[in-house]
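Q: Next comes the structure file target-v1.pdb, holding PDB, C-alpha atoms.
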ATOM      1  CA  TYR A   1      36.794 131.992-220.249
ATOM      2  CA  ALA A   2      33.401 130.433-219.592
ATOM      3  CA  THR A   3      31.341 132.175-217.001
ATOM      4  CA  VAL A   4      29.457 130.468-214.232
ATOM      5  CA  ALA A   5      26.266 131.049-216.211
ATOM      6  CA  ASP A   6      27.764 129.408-219.306
ATOM      7  CA  LEU A   7      28.833 126.370-217.324
ATOM      8  CA  ALA A   8      25.434 126.056-215.729
ATOM      9  CA  PHE A   9      23.743 126.268-219.150
ATOM     10  CA  ARG A  10      26.044 123.615-220.580
ATOM     11  CA  GLY A  11      25.374 121.397-217.595
ATOM     12  CA  LEU A  12      21.632 121.716-218.048
ATOM     13  CA  SER A  13      21.995 120.937-221.766
ATOM     14  CA  VAL A  14      23.940 117.756-221.013
ATOM     15  CA  VAL A  15      21.376 116.703-218.439
ATOM     16  CA  ARG A  16      18.496 117.382-220.848
ATOM     17  CA  THR A  17      20.232 115.426-223.615
ATOM     18  CA  CYS A  18      20.777 112.452-221.315
ATOM     19  CA  VAL A  19      17.170 112.565-220.132
ATOM     20  CA  VAL A  20      15.864 112.703-223.716
ATOM     21  CA  ARG A  21      18.066 109.781-224.743
ATOM     22  CA  ALA A  22      16.914 107.762-221.743
ATOM     23  CA  ILE A  23      13.264 108.470-222.556
ATOM     24  CA  LEU A  24      13.727 107.564-226.230
ATOM     25  CA  SER A  25      15.546 104.351-225.271
ATOM     26  CA  ALA A  26      12.772 103.396-222.863
ATOM     27  CA  VAL A  27      10.102 104.097-225.496
ATOM     28  CA  LEU A  28      12.012 102.021-228.039
ATOM     29  CA  VAL A  29      12.368  99.103-225.633
ATOM     30  CA  LEU A  30       8.689  99.215-224.731
ATOM     31  CA  SER A  31       7.671  99.459-228.393
ATOM     32  CA  VAL A  32       9.852  96.535-229.447
ATOM     33  CA  GLY A  33       8.748  94.503-226.437
ATOM     34  CA  ALA A  34       5.101  95.125-227.212
ATOM     35  CA  CYS A  35       5.403  94.179-230.895
ATOM     36  CA  ALA A  36       8.188  91.589-231.016
ATOM     37  CA  LYS A  37       7.243  87.901-231.104
ATOM     38  CA  ARG A  38       9.395  84.823-231.202
ATOM     39  CA  ASP A  39       9.569  83.168-234.581
ATOM     40  CA  PRO A  40       6.971  80.336-234.525
ATOM     41  CA  ILE A  41       9.608  78.022-236.005
ATOM     42  CA  VAL A  42      11.349  77.880-232.610
ATOM     43  CA  THR A  43       8.243  77.480-230.452
ATOM     44  CA  LEU A  44       5.288  75.145-230.019
ATOM     45  CA  ALA A  45       2.794  78.004-229.868
ATOM     46  CA  ASP A  46       0.909  76.736-232.926
ATOM     47  CA  ALA A  47       1.133  73.034-232.051
ATOM     48  CA  THR A  48      -2.058  70.984-231.976
ATOM     49  CA  PRO A  49      -2.662  68.702-228.976
ATOM     50  CA  THR A  50      -3.554  65.122-229.882
ATOM     51  CA  GLY A  51      -3.755  62.661-227.007
ATOM     52  CA  ASN A  52      -0.455  62.953-225.132
ATOM     53  CA  TRP A  53       1.239  64.618-228.111
ATOM     54  CA  LEU A  54       1.749  68.113-229.464
ATOM     55  CA  ILE A  55       1.756  67.998-233.253
ATOM     56  CA  GLU A  56       3.654  70.729-235.041
ATOM     57  CA  ARG A  57       3.096  71.711-238.670
ATOM     58  CA  GLN A  58       5.117  74.622-240.020
ATOM     59  CA  VAL A  59       6.934  75.773-243.133
ATOM     60  CA  ASP A  60      10.674  76.295-243.485
ATOM     61  CA  ARG A  61      10.912  79.920-244.564
ATOM     62  CA  THR A  62      14.284  79.315-246.229
ATOM     63  CA  THR A  63      13.138  76.510-248.537
ATOM     64  CA  GLY A  64       9.344  76.596-248.430
ATOM     65  CA  ALA A  65       9.340  72.923-247.460
ATOM     66  CA  PRO A  66       6.943  71.687-244.766
ATOM     67  CA  ILE A  67       8.322  70.955-241.314
ATOM     68  CA  SER A  68       6.469  68.606-239.037
ATOM     69  CA  SER A  69       7.154  66.897-235.756
ATOM     70  CA  ALA A  70       5.345  65.383-232.812
ATOM     71  CA  ARG A  71       6.420  65.772-229.191
ATOM     72  CA  ALA A  72       5.391  64.363-225.845
ATOM     73  CA  ALA A  73       6.668  65.138-222.369
ATOM     74  CA  THR A  74       6.643  63.540-218.946
ATOM     75  CA  HIS A  75       7.393  64.491-215.354
ATOM     76  CA  HIS A  76       8.260  60.850-214.623
ATOM     77  CA  SER A  77      11.966  60.862-215.406
ATOM     78  CA  SER A  78      14.632  59.780-212.914
ATOM     79  CA  ASN A  79      18.377  59.299-212.591
ATOM     80  CA  SER A  80      20.290  57.397-209.935
ATOM     81  CA  ALA A  81      22.357  60.523-209.086
ATOM     82  CA  VAL A  82      19.447  63.017-209.088
ATOM     83  CA  PRO A  83      17.287  63.082-205.929
ATOM     84  CA  VAL A  84      14.021  64.302-207.502
ATOM     85  CA  PRO A  85      12.156  63.412-210.722
ATOM     86  CA  LYS A  86      12.644  65.729-213.704
ATOM     87  CA  MET A  87      10.914  66.370-217.005
ATOM     88  CA  ALA A  88      11.879  64.495-220.154
ATOM     89  CA  GLY A  89      10.701  64.665-223.738
ATOM     90  CA  ILE A  90      10.364  62.542-226.854
ATOM     91  CA  GLN A  91      10.166  63.840-230.416
ATOM     92  CA  LEU A  92       9.330  62.167-233.717
ATOM     93  CA  SER A  93      10.679  64.116-236.677
ATOM     94  CA  CYS A  94      12.737  64.110-239.855
ATOM     95  CA  PHE A  95      16.362  65.210-240.153
ATOM     96  CA  LYS A  96      18.109  65.398-243.512
ATOM     97  CA  GLY A  97      15.274  63.390-245.023
ATOM     98  CA  GLN A  98      15.522  60.555-242.500
ATOM     99  CA  PRO A  99      13.109  59.670-239.661
ATOM    100  CA  ILE A 100      14.472  59.998-236.139
ATOM    101  CA  VAL A 101      13.280  59.505-232.567
ATOM    102  CA  ARG A 102      14.848  61.894-230.072
ATOM    103  CA  PHE A 103      14.821  61.651-226.272
ATOM    104  CA  MET A 104      15.681  64.748-224.205
ATOM    105  CA  PHE A 105      16.537  64.790-220.500
ATOM    106  CA  LEU A 106      17.360  67.506-217.945
ATOM    107  CA  PHE A 107      20.286  65.509-216.542
ATOM    108  CA  LYS A 108      23.213  63.637-218.031
ATOM    109  CA  VAL A 109      22.294  60.130-219.135
ATOM    110  CA  GLY A 110      25.481  58.857-220.774
ATOM    111  CA  SER A 111      27.749  58.830-223.788
ATOM    112  CA  ASN A 112      28.310  56.659-226.828
ATOM    113  CA  ARG A 113      31.270  54.803-225.345
ATOM    114  CA  ASN A 114      29.602  53.276-222.311
ATOM    115  CA  SER A 115      25.819  53.635-222.460
ATOM    116  CA  GLU A 116      22.845  51.745-223.850
ATOM    117  CA  LEU A 117      19.142  52.455-224.294
ATOM    118  CA  SER A 118      16.255  50.026-224.126
ATOM    119  CA  TYR A 119      12.504  50.549-224.191
ATOM    120  CA  ARG A 120       9.210  48.766-223.715
ATOM    121  CA  PHE A 121       5.676  49.606-224.811
ATOM    122  CA  ASP A 122       2.822  48.379-222.585
ATOM    123  CA  ASP A 123       3.229  44.630-222.156
ATOM    124  CA  LYS A 124       5.022  44.128-225.479
ATOM    125  CA  PRO A 125       8.533  42.636-225.496
ATOM    126  CA  GLY A 126      11.277  45.026-224.405
ATOM    127  CA  ARG A 127      13.860  46.011-226.996
ATOM    128  CA  ASP A 128      17.420  47.264-227.124
ATOM    129  CA  ALA A 129      17.728  50.232-229.476
ATOM    130  CA  LYS A 130      20.603  51.193-231.728
ATOM    131  CA  ALA A 131      20.915  54.726-230.329
ATOM    132  CA  ARG A 132      23.407  57.599-230.474
ATOM    133  CA  PHE A 133      24.182  59.776-227.440
ATOM    134  CA  LEU A 134      24.829  63.408-228.360
ATOM    135  CA  GLN A 135      27.665  65.501-226.965
ATOM    136  CA  ASP A 136      25.500  67.272-224.394
ATOM    137  CA  TYR A 137      25.103  63.829-222.719
ATOM    138  CA  ARG A 138      21.393  64.606-222.250
ATOM    139  CA  THR A 139      20.012  63.825-225.695
ATOM    140  CA  VAL A 140      19.707  60.386-227.272
ATOM    141  CA  VAL A 141      18.699  59.750-230.877
ATOM    142  CA  ILE A 142      17.451  56.637-232.625
ATOM    143  CA  GLU A 143      18.268  57.300-236.278
ATOM    144  CA  ASP A 144      18.825  53.889-237.818
ATOM    145  CA  THR A 145      15.925  53.561-240.254
ATOM    146  CA  ALA A 146      15.081  49.975-239.346
ATOM    147  CA  ALA A 147      15.247  50.760-235.627
ATOM    148  CA  VAL A 148      12.949  53.768-236.087
ATOM    149  CA  ALA A 149      10.525  51.628-238.095
ATOM    150  CA  GLN A 150      10.396  49.033-235.321
ATOM    151  CA  PHE A 151       9.915  51.724-232.684
ATOM    152  CA  ALA A 152       7.052  53.272-234.682
ATOM    153  CA  ALA A 153       5.401  49.897-235.237
ATOM    154  CA  ASP A 154       5.361  49.222-231.489
ATOM    155  CA  LEU A 155       4.317  52.788-230.698
ATOM    156  CA  ALA A 156       1.318  52.792-233.028
ATOM    157  CA  THR A 157      -0.803  50.509-230.839
ATOM    158  CA  SER A 158       0.484  51.465-227.394
ATOM    159  CA  LYS A 159      -0.541  53.683-224.479
ATOM    160  CA  LYS A 160       2.632  53.707-222.365
ATOM    161  CA  LEU A 161       6.345  53.838-223.129
ATOM    162  CA  TYR A 162       9.075  53.036-220.612
ATOM    163  CA  VAL A 163      12.672  53.973-221.472
ATOM    164  CA  LEU A 164      15.752  52.767-219.564
ATOM    165  CA  ILE A 165      19.327  53.965-220.077
ATOM    166  CA  ARG A 166      22.285  52.244-218.413
ATOM    167  CA  SER A 167      25.623  54.059-218.318
ATOM    168  CA  HIS A 168      28.934  53.417-216.560
ATOM    169  CA  ASN A 169      29.503  57.132-215.881
ATOM    170  CA  ALA A 170      25.924  58.447-215.541
ATOM    171  CA  GLY A 171      24.260  55.572-213.709
ATOM    172  CA  ARG A 172      20.728  54.513-214.581
ATOM    173  CA  SER A 173      18.135  56.837-216.082
ATOM    174  CA  SER A 174      14.498  56.146-216.858
ATOM    175  CA  ALA A 175      11.431  57.873-218.234
ATOM    176  CA  GLU A 176       7.816  56.814-218.611
ATOM    177  CA  PHE A 177       5.622  58.493-221.226
ATOM    178  CA  GLY A 178       1.945  58.400-222.015
ATOM    179  CA  VAL A 179       1.670  57.938-225.789
ATOM    180  CA  ASN A 180      -2.065  58.047-226.493
ATOM    181  CA  GLY A 181      -2.713  59.460-229.955
ATOM    182  CA  ALA A 182       0.386  57.774-231.376
ATOM    183  CA  PRO A 183      -0.970  57.064-234.910
ATOM    184  CA  ALA A 184      -1.503  60.789-235.560
ATOM    185  CA  ALA A 185       1.889  61.573-234.018
ATOM    186  CA  ILE A 186       3.641  59.047-236.267
ATOM    187  CA  GLU A 187       1.852  60.304-239.368
ATOM    188  CA  SER A 188       2.688  63.932-238.646
ATOM    189  CA  GLY A 189       6.161  63.452-237.239
ATOM    190  CA  PHE A 190       7.354  61.450-240.229
ATOM    191  CA  ALA A 191       5.232  63.241-242.853
ATOM    192  CA  SER A 192       8.207  64.435-244.890
ATOM    193  CA  CYS A 193      10.225  61.225-244.445
ATOM    194  CA  PRO A 194       7.639  58.415-244.361
ATOM    195  CA  LEU A 195       8.639  55.019-243.112
ATOM    196  CA  THR A 196       8.599  52.679-246.088
ATOM    197  CA  ALA A 197       7.201  49.168-246.030
ATOM    198  CA  GLY A 198       9.483  46.186-246.118
ATOM    199  CA  GLN A 199      12.297  47.657-244.050
ATOM    200  CA  PRO A 200      14.381  45.051-242.216
ATOM    201  CA  ARG A 201      13.706  44.658-238.528
ATOM    202  CA  PRO A 202      16.464  45.547-236.062
ATOM    203  CA  ARG A 203      18.881  42.823-235.190
ATOM    204  CA  THR A 204      17.836  42.810-231.497
ATOM    205  CA  THR A 205      14.231  41.935-230.740
ATOM    206  CA  THR A 206      13.873  40.967-227.104
ATOM    207  CA  LEU A 207      16.128  41.903-224.214
ATOM    208  CA  PRO A 208      18.681  39.358-222.982
ATOM    209  CA  ALA A 209      19.449  38.841-219.295
ATOM    210  CA  ARG A 210      21.686  41.581-217.920
ATOM    211  CA  SER A 211      24.450  41.792-215.364
ATOM    212  CA  PRO A 212      23.757  44.050-212.369
ATOM    213  CA  ILE A 213      26.883  46.212-212.804
ATOM    214  CA  THR A 214      24.962  49.496-213.138
TER     215      THR A 214
END
Starting from the file, lay out its structure as structure tokens.
A:
Amino acid sequence: YATVADLAFRGLSVVRTCVVRAILSAVLVLSVGACAKRDPIVTLADATPTGNWLIERQVDRTTGAPISSARAATHHSSNSAVPVPKMAGIQLSCFKGQPIVRFMFLFKVGSNRNSELSYRFDDKPGRDAKARFLQDYRTVVIEDTAAVAQFAADLATSKKLYVLIRSHNAGRSSAEFGVNGAPAAIESGFASCPLTAGQPRPRTTTLPARSPIT
């Protein structure tokens, strides 16, 4: 049978082991925390500010191919069901070799079935865009090549961009961006999928009169 002394010794050994493990775990956590950094591919830490844009130039470590994009953000984004303004973002980039324009919101803006997006640069004519609403209902992408080309052509000489989304289930959403520095943003954002000359213009040029349903 174990004596009282044996039990006490075993108890102290267990306590010491637990203490040592706790200390080693804490040291490991502190060491990893001090040395670990997020992969630059998922951050904008190395982005270069140009006008209202952050221009990103990185390399895909899986293929060695260059990755580039340009992003701008605004605090002037509103929705008819949200009482206070929120942030919104715009990104110019390439996806699967094609140029895209992506809008990101912090609230739901609509879905493909019942929503539409239009935009206007400065005092240029407003345009309806052929856009796709992603399944998170907060992201909208212009990916039709001709529509992207038209958007970029208007963007290149503009200072302000106003975006309006009308949706039966998400109400109205809007965002206003400063876009100074656009030529550099277009060049960098579409560096690996340049917009080619002679692309057809989108079918819709100026906005028609609208019904006040939403």
Q: At what distance in Å, to one decimal, does atom CA of A:Ala191 lie from atom CA of A:Trp53?
A: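 So the answer is 15.3 Å.
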Q: I would like the residues chosen by the PyMOL selection byres ((chain A and resi 147-164) around 9) on the shown file; could you give them as an MDAnalysis selection string?
A: chainID A and resid 99:101 116:122 124 127 129:131 142:146 165:166 172:186 195:197 199:203
Q: Restrict the selected residues to C-alpha atoms and save them as a CSV table (one decimal), in the frame of the given file.
A:
chain,number,residue,atom,x,y,z
A,99,PRO,CA,13.1,59.7,-239.7
A,100,ILE,CA,14.5,60.0,-236.1
A,101,VAL,CA,13.3,59.5,-232.6
A,116,GLU,CA,22.8,51.7,-223.8
A,117,LEU,CA,19.1,52.5,-224.3
A,118,SER,CA,16.3,50.0,-224.1
A,119,TYR,CA,12.5,50.5,-224.2
A,120,ARG,CA,9.2,48.8,-223.7
A,121,PHE,CA,5.7,49.6,-224.8
A,122,ASP,CA,2.8,48.4,-222.6
A,124,LYS,CA,5.0,44.1,-225.5
A,127,ARG,CA,13.9,46.0,-227.0
A,129,ALA,CA,17.7,50.2,-229.5
A,130,LYS,CA,20.6,51.2,-231.7
A,131,ALA,CA,20.9,54.7,-230.3
A,142,ILE,CA,17.5,56.6,-232.6
A,143,GLU,CA,18.3,57.3,-236.3
A,144,ASP,CA,18.8,53.9,-237.8
A,145,THR,CA,15.9,53.6,-240.3
A,146,ALA,CA,15.1,50.0,-239.3
A,165,ILE,CA,19.3,54.0,-220.1
A,166,ARG,CA,22.3,52.2,-218.4
A,172,ARG,CA,20.7,54.5,-214.6
A,173,SER,CA,18.1,56.8,-216.1
A,174,SER,CA,14.5,56.1,-216.9
A,175,ALA,CA,11.4,57.9,-218.2
A,176,GLU,CA,7.8,56.8,-218.6
A,177,PHE,CA,5.6,58.5,-221.2
A,178,GLY,CA,1.9,58.4,-222.0
A,179,VAL,CA,1.7,57.9,-225.8
A,180,ASN,CA,-2.1,58.0,-226.5
A,181,GLY,CA,-2.7,59.5,-230.0
A,182,ALA,CA,0.4,57.8,-231.4
A,183,PRO,CA,-1.0,57.1,-234.9
A,184,ALA,CA,-1.5,60.8,-235.6
A,185,ALA,CA,1.9,61.6,-234.0
A,186,ILE,CA,3.6,59.0,-236.3
A,195,LEU,CA,8.6,55.0,-243.1
A,196,THR,CA,8.6,52.7,-246.1
A,197,ALA,CA,7.2,49.2,-246.0
A,199,GLN,CA,12.3,47.7,-244.0
A,200,PRO,CA,14.4,45.1,-242.2
A,201,ARG,CA,13.7,44.7,-238.5
A,202,PRO,CA,16.5,45.5,-236.1
A,203,ARG,CA,18.9,42.8,-235.2
Q: Report as JSON, numbers by chain the full result of the PyMOL selection byres ((chain A and resi 56-65) around 7) when it is applied to this structure.
A: {"A": [41, 44, 46, 47, 48, 54, 55, 66, 67, 68, 69, 70]}
Q: Mind giving me the straight-line distance from atom CA of A:Pro194 to atom CA of A:Cys94 in Å, one decimal?
A: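 Taking atom CA of A:Pro194 as the start and atom CA of A:Cys94 as the end point, the length is 8.9 Å.
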Q: Written as a PyMOL selection string, what is the full residue list that the PyMOL selection byres ((chain A and resi 80) around 6) yields on the file shown?
A: chain A and resi 79+81-82+171-172
Q: Name the closest residue to A:Asn114 among the candidates A:Ala170, A:Ala72, A:Lys37, A:Gly51; distances are taken between atoms, counting all atoms listed in the file.
A: A:Ala170
Q: What is the distance, in Å and to one decimal place, between atom CA of A:Phe107 and atom CA of A:Thr50?
A: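 Interatomic distance, atom CA of A:Phe107 to atom CA of A:Thr50: 27.3 Å.
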Q: Closest to A:Leu106 among A:Val42, A:Thr139, A:Phe133, A:Ser93, using only C-alpha atoms?
A: A:Thr139
Q: Find, counting all atoms listed in the file, the residue in A:Val109, A:Cys193, A:Val141, A:Met104 that gets nearest to A:Gly89.
A: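 Distance minimum relative to A:Gly89 lands on A:Met104.
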Q: Could you write out as lines of an AutoDock Vina configuration file the box around stretch 168-174 of chain A (axis-aligned, all atoms listed in the file, 6 Å on each side), with centre and edge lengths in Å to one decimal?
A:
center_x = 22.0
center_y = 55.9
center_z = -215.3
size_x = 27.0
size_y = 17.0
size_z = 15.1
Q: Near A:Ser115, within 6 Å and counting all atoms listed in the file, which residues show up once chain neighbours fewer than 2 positions away are dropped, as an mmCIF file with C-alpha atoms, in the coordinates of the input?
A:
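Okay, around_22.cif is ready:
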data_model
loop_
_atom_site.group_PDB
_atom_site.id
_atom_site.type_symbol
_atom_site.label_atom_id
_atom_site.label_comp_id
_atom_site.auth_asym_id
_atom_site.auth_seq_id
_atom_site.Cartn_x
_atom_site.Cartn_y
_atom_site.Cartn_z
ATOM 1 C CA GLY A 110 25.481 58.857 -220.774
ATOM 2 C CA SER A 111 27.749 58.830 -223.788
ATOM 3 C CA ASN A 112 28.310 56.659 -226.828
ATOM 4 C CA ARG A 166 22.285 52.244 -218.413
ATOM 5 C CA SER A 167 25.623 54.059 -218.318
#
Q: As a compact mmCIF listing (two decimals), in the frame of the given file, please: stretch 129-146 of chain A completed to N, CA and C atoms.
A:
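For reference, rebuild.txt as written:
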# COMPACT_ATOMS: atom_id res chain seq x y z
N ALA A 129 17.76 49.36 -228.30
CA ALA A 129 17.73 50.23 -229.48
C ALA A 129 19.14 50.60 -229.90
N LYS A 130 19.35 50.68 -231.20
CA LYS A 130 20.60 51.19 -231.73
C LYS A 130 20.52 52.71 -231.65
N ALA A 131 21.10 53.30 -230.60
CA ALA A 131 20.92 54.73 -230.33
C ALA A 131 22.26 55.44 -230.28
N ARG A 132 22.21 56.75 -230.53
CA ARG A 132 23.41 57.60 -230.47
C ARG A 132 23.22 58.65 -229.39
N PHE A 133 24.21 58.79 -228.51
CA PHE A 133 24.18 59.78 -227.44
C PHE A 133 24.90 61.03 -227.92
N LEU A 134 24.23 62.18 -227.87
CA LEU A 134 24.83 63.41 -228.36
C LEU A 134 25.81 63.99 -227.34
N GLN A 135 26.56 65.01 -227.78
CA GLN A 135 27.66 65.50 -226.96
C GLN A 135 27.23 66.28 -225.73
N ASP A 136 25.95 66.63 -225.63
CA ASP A 136 25.50 67.27 -224.39
C ASP A 136 25.23 66.25 -223.30
N TYR A 137 25.31 64.95 -223.64
CA TYR A 137 25.10 63.83 -222.72
C TYR A 137 23.67 63.76 -222.19
N ARG A 138 22.78 64.56 -222.72
CA ARG A 138 21.39 64.61 -222.25
C ARG A 138 20.39 64.26 -223.35
N THR A 139 20.87 64.09 -224.55
CA THR A 139 20.01 63.82 -225.70
C THR A 139 20.43 62.51 -226.34
N VAL A 140 19.44 61.68 -226.64
CA VAL A 140 19.71 60.39 -227.27
C VAL A 140 18.83 60.27 -228.51
N VAL A 141 19.41 59.81 -229.60
CA VAL A 141 18.70 59.75 -230.88
C VAL A 141 18.72 58.34 -231.43
N ILE A 142 17.55 57.86 -231.82
CA ILE A 142 17.45 56.64 -232.62
C ILE A 142 17.31 57.10 -234.07
N GLU A 143 18.29 56.79 -234.90
CA GLU A 143 18.27 57.30 -236.28
C GLU A 143 18.47 56.21 -237.32
N ASP A 144 18.78 55.01 -236.89
CA ASP A 144 18.82 53.89 -237.82
C ASP A 144 17.42 53.64 -238.34
N THR A 145 17.26 53.61 -239.66
CA THR A 145 15.92 53.56 -240.25
C THR A 145 15.13 52.34 -239.81
N ALA A 146 15.78 51.19 -239.77
CA ALA A 146 15.08 49.98 -239.35
C ALA A 146 14.68 50.06 -237.88
